[in-house]
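Structure first, then comments.
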Amino acid sequence: MKNKIVVAITGASGSVYAKLLLDKLQQLQNQIAEVAIVMSDNAKQVWQFELDDNGHGNYPFKYYAKNDFMAPFASGSAKFDTMVVVPCSMGTLGRIAAGVSDDLITRAADVVLKERRKLILVARDTPLNLIHIRNMATVTEAGGIICPATPSYYSKPKTIEEVALTVVDRIIDLIGLENQSYRWDGM
């Protein structure tokens, strides 16, 4: 059964994670029924600033406006399997933890949690204060997965993209897609 995936991109630093995830999902399309994308206004600005690129709208996926509450994944009946918020700002994480559905990203996250489907929040902030930690605990207790954008180095990455891919490959694993990536073998 192919996955239906929502990718939400917020204005947190770390646009490279979103770009590389979309690149990977494009490569793995044979395993995916549908990818829906929603971006905050800040996400578009940060993408341009960090990546010197306006290509965020050039992927072969369906895009939705941040306040489009008629988007299919704003309802549980659309049966989207997984939602990934990448990068996930602490503000977005806090609104999700509090159940505040003030835009399509937070509404969709609320739907995914209430339907007991997979919500993956790729938190990209440091250091964390106690409010952030409690919000992460609340989301985890509600069934969400906190996947900090913390790269690994045992694959000996050589470029920024290779470092970021260590996080993206973990996201792909959490979604449940088959992916060729570095696997730890203890050596």
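Chain labels run A, B, ... following the order of the structure tokens; each chain numbers its residues from 1, and ligands are numbered from 1 in the order shown.
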Point to revise | stretch 84-92 of chain A environment, 7 Å, only C-alpha atoms, sequence neighbours closer than 3 positions dropped, as a PyMOL selection string | key: chain A and resi 6-15+17-18+95-96+119-124+132
Based on the selection just made, write C-alpha atoms of those residues as a PDB file, in the first residue's frame.
```pdb
ATOM      1  CA  VAL A   6       1.896  15.715   3.928  1.00  0.00           C
ATOM      2  CA  VAL A   7       5.117  17.722   4.097  1.00  0.00           C
ATOM      3  CA  ALA A   8       4.802  20.955   6.050  1.00  0.00           C
ATOM      4  CA  ILE A   9       7.670  23.410   5.962  1.00  0.00           C
ATOM      5  CA  THR A  10       7.914  26.122   8.618  1.00  0.00           C
ATOM      6  CA  GLY A  11      10.196  29.127   8.937  1.00  0.00           C
ATOM      7  CA  ALA A  12      12.723  27.498  11.249  1.00  0.00           C
ATOM      8  CA  SER A  13      16.303  27.458  10.024  1.00  0.00           C
ATOM      9  CA  GLY A  14      17.130  24.245   8.198  1.00  0.00           C
ATOM     10  CA  SER A  15      15.565  24.562   4.747  1.00  0.00           C
ATOM     11  CA  TYR A  17      16.331  19.344   5.360  1.00  0.00           C
ATOM     12  CA  ALA A  18      13.054  20.179   3.602  1.00  0.00           C
ATOM     13  CA  ARG A  95       0.725  25.296  18.769  1.00  0.00           C
ATOM     14  CA  ILE A  96       0.483  21.598  17.852  1.00  0.00           C
ATOM     15  CA  LEU A 119       3.196  12.786  12.825  1.00  0.00           C
ATOM     16  CA  ILE A 120       6.938  13.457  12.569  1.00  0.00           C
ATOM     17  CA  LEU A 121       8.194  16.821  13.831  1.00  0.00           C
ATOM     18  CA  VAL A 122      11.760  17.588  12.771  1.00  0.00           C
ATOM     19  CA  ALA A 123      12.591  20.092  15.486  1.00  0.00           C
ATOM     20  CA  ARG A 124      15.446  22.394  14.565  1.00  0.00           C
ATOM     21  CA  HIS A 132      10.053  23.377  24.367  1.00  0.00           C
TER      22      HIS A 132
END
```
Practice item. Give the strand (DSSP E or B) residues of stretch 122-187 of chain A, as assigned by DSSP on the backbone, as a PyMOL selection string. Key: chain A and resi 122-123+145-146
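Here the alpha helix (DSSP H) residues in stretch 85-121 of chain A, by DSSP on the backbone, are Met90, Gly91, Thr92, Leu93, Gly94, Arg95, Ile96, Ala97, Ala98, Leu104, Ile105, Thr106, Arg107, Ala108, Ala109, Asp110, Val111, Val112, Leu113 and Lys114 of chain A.
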Residues just named, written with C-alpha atoms as a CSV table (one decimal), in the first residue's frame:
```
chain,number,residue,atom,x,y,z
A,90,MET,CA,9.3,25.7,18.2
A,91,GLY,CA,6.2,28.0,17.7
A,92,THR,CA,4.6,25.4,15.4
A,93,LEU,CA,5.5,22.6,17.8
A,94,GLY,CA,3.9,24.6,20.7
A,95,ARG,CA,0.7,25.3,18.8
A,96,ILE,CA,0.5,21.6,17.9
A,97,ALA,CA,1.1,20.6,21.5
A,98,ALA,CA,-1.6,23.0,22.6
A,104,LEU,CA,-3.3,24.4,7.7
A,105,ILE,CA,-0.1,23.1,9.2
A,106,THR,CA,-1.4,23.0,12.7
A,107,ARG,CA,-4.9,21.8,11.6
A,108,ALA,CA,-3.4,18.9,9.6
A,109,ALA,CA,-1.1,18.0,12.6
A,110,ASP,CA,-4.2,17.9,14.8
A,111,VAL,CA,-6.0,15.7,12.3
A,112,VAL,CA,-3.1,13.3,12.1
A,113,LEU,CA,-2.9,13.0,15.9
A,114,LYS,CA,-6.6,12.5,16.4
```
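Nearest residue to A:Pro151, choosing from A:Ile171, A:Met136, A:Leu177, A:Ala43 and counting only C-alpha atoms: A:Ile171.
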Exercise for review: Show which residues sit within 7 Å of A:Gly76, as a count of residues only. Count only C-alpha atoms, and ignore same-chain residues fewer than 3 positions away.
Suggested key: 4
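For the residues A:Gln180, A:Ser101, A:Asn42, A:Gln31, ranking by smallest atom-to-atom distance to A:Lys2 using only C-alpha atoms places A:Gln31 first.
Counting only C-alpha atoms and comparing A:Thr138, A:Asn3, A:Gln48, A:Ser152, the residue that lies closest to A:Lys19 is A:Gln48.
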Review point. Taking into account only C-alpha atoms, which residue in the set A:Met83, A:Val16, A:Ala74, A:Leu21 is nearest to A:Glu50?
Key: A:Val16
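With distances restricted to only C-alpha atoms, A:Lys24 is the closest residue to A:Ser181 from A:Asn135, A:Asn58, A:Lys24, A:Trp47.
What separates atom CA of A:Val38 from atom CA of A:Leu20 is a distance of 15.8 Å.
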Point to revise | Gap from atom CA of A:Gln29 to atom CA of A:Leu174 - Å, one decimal | key: 16.3 Å
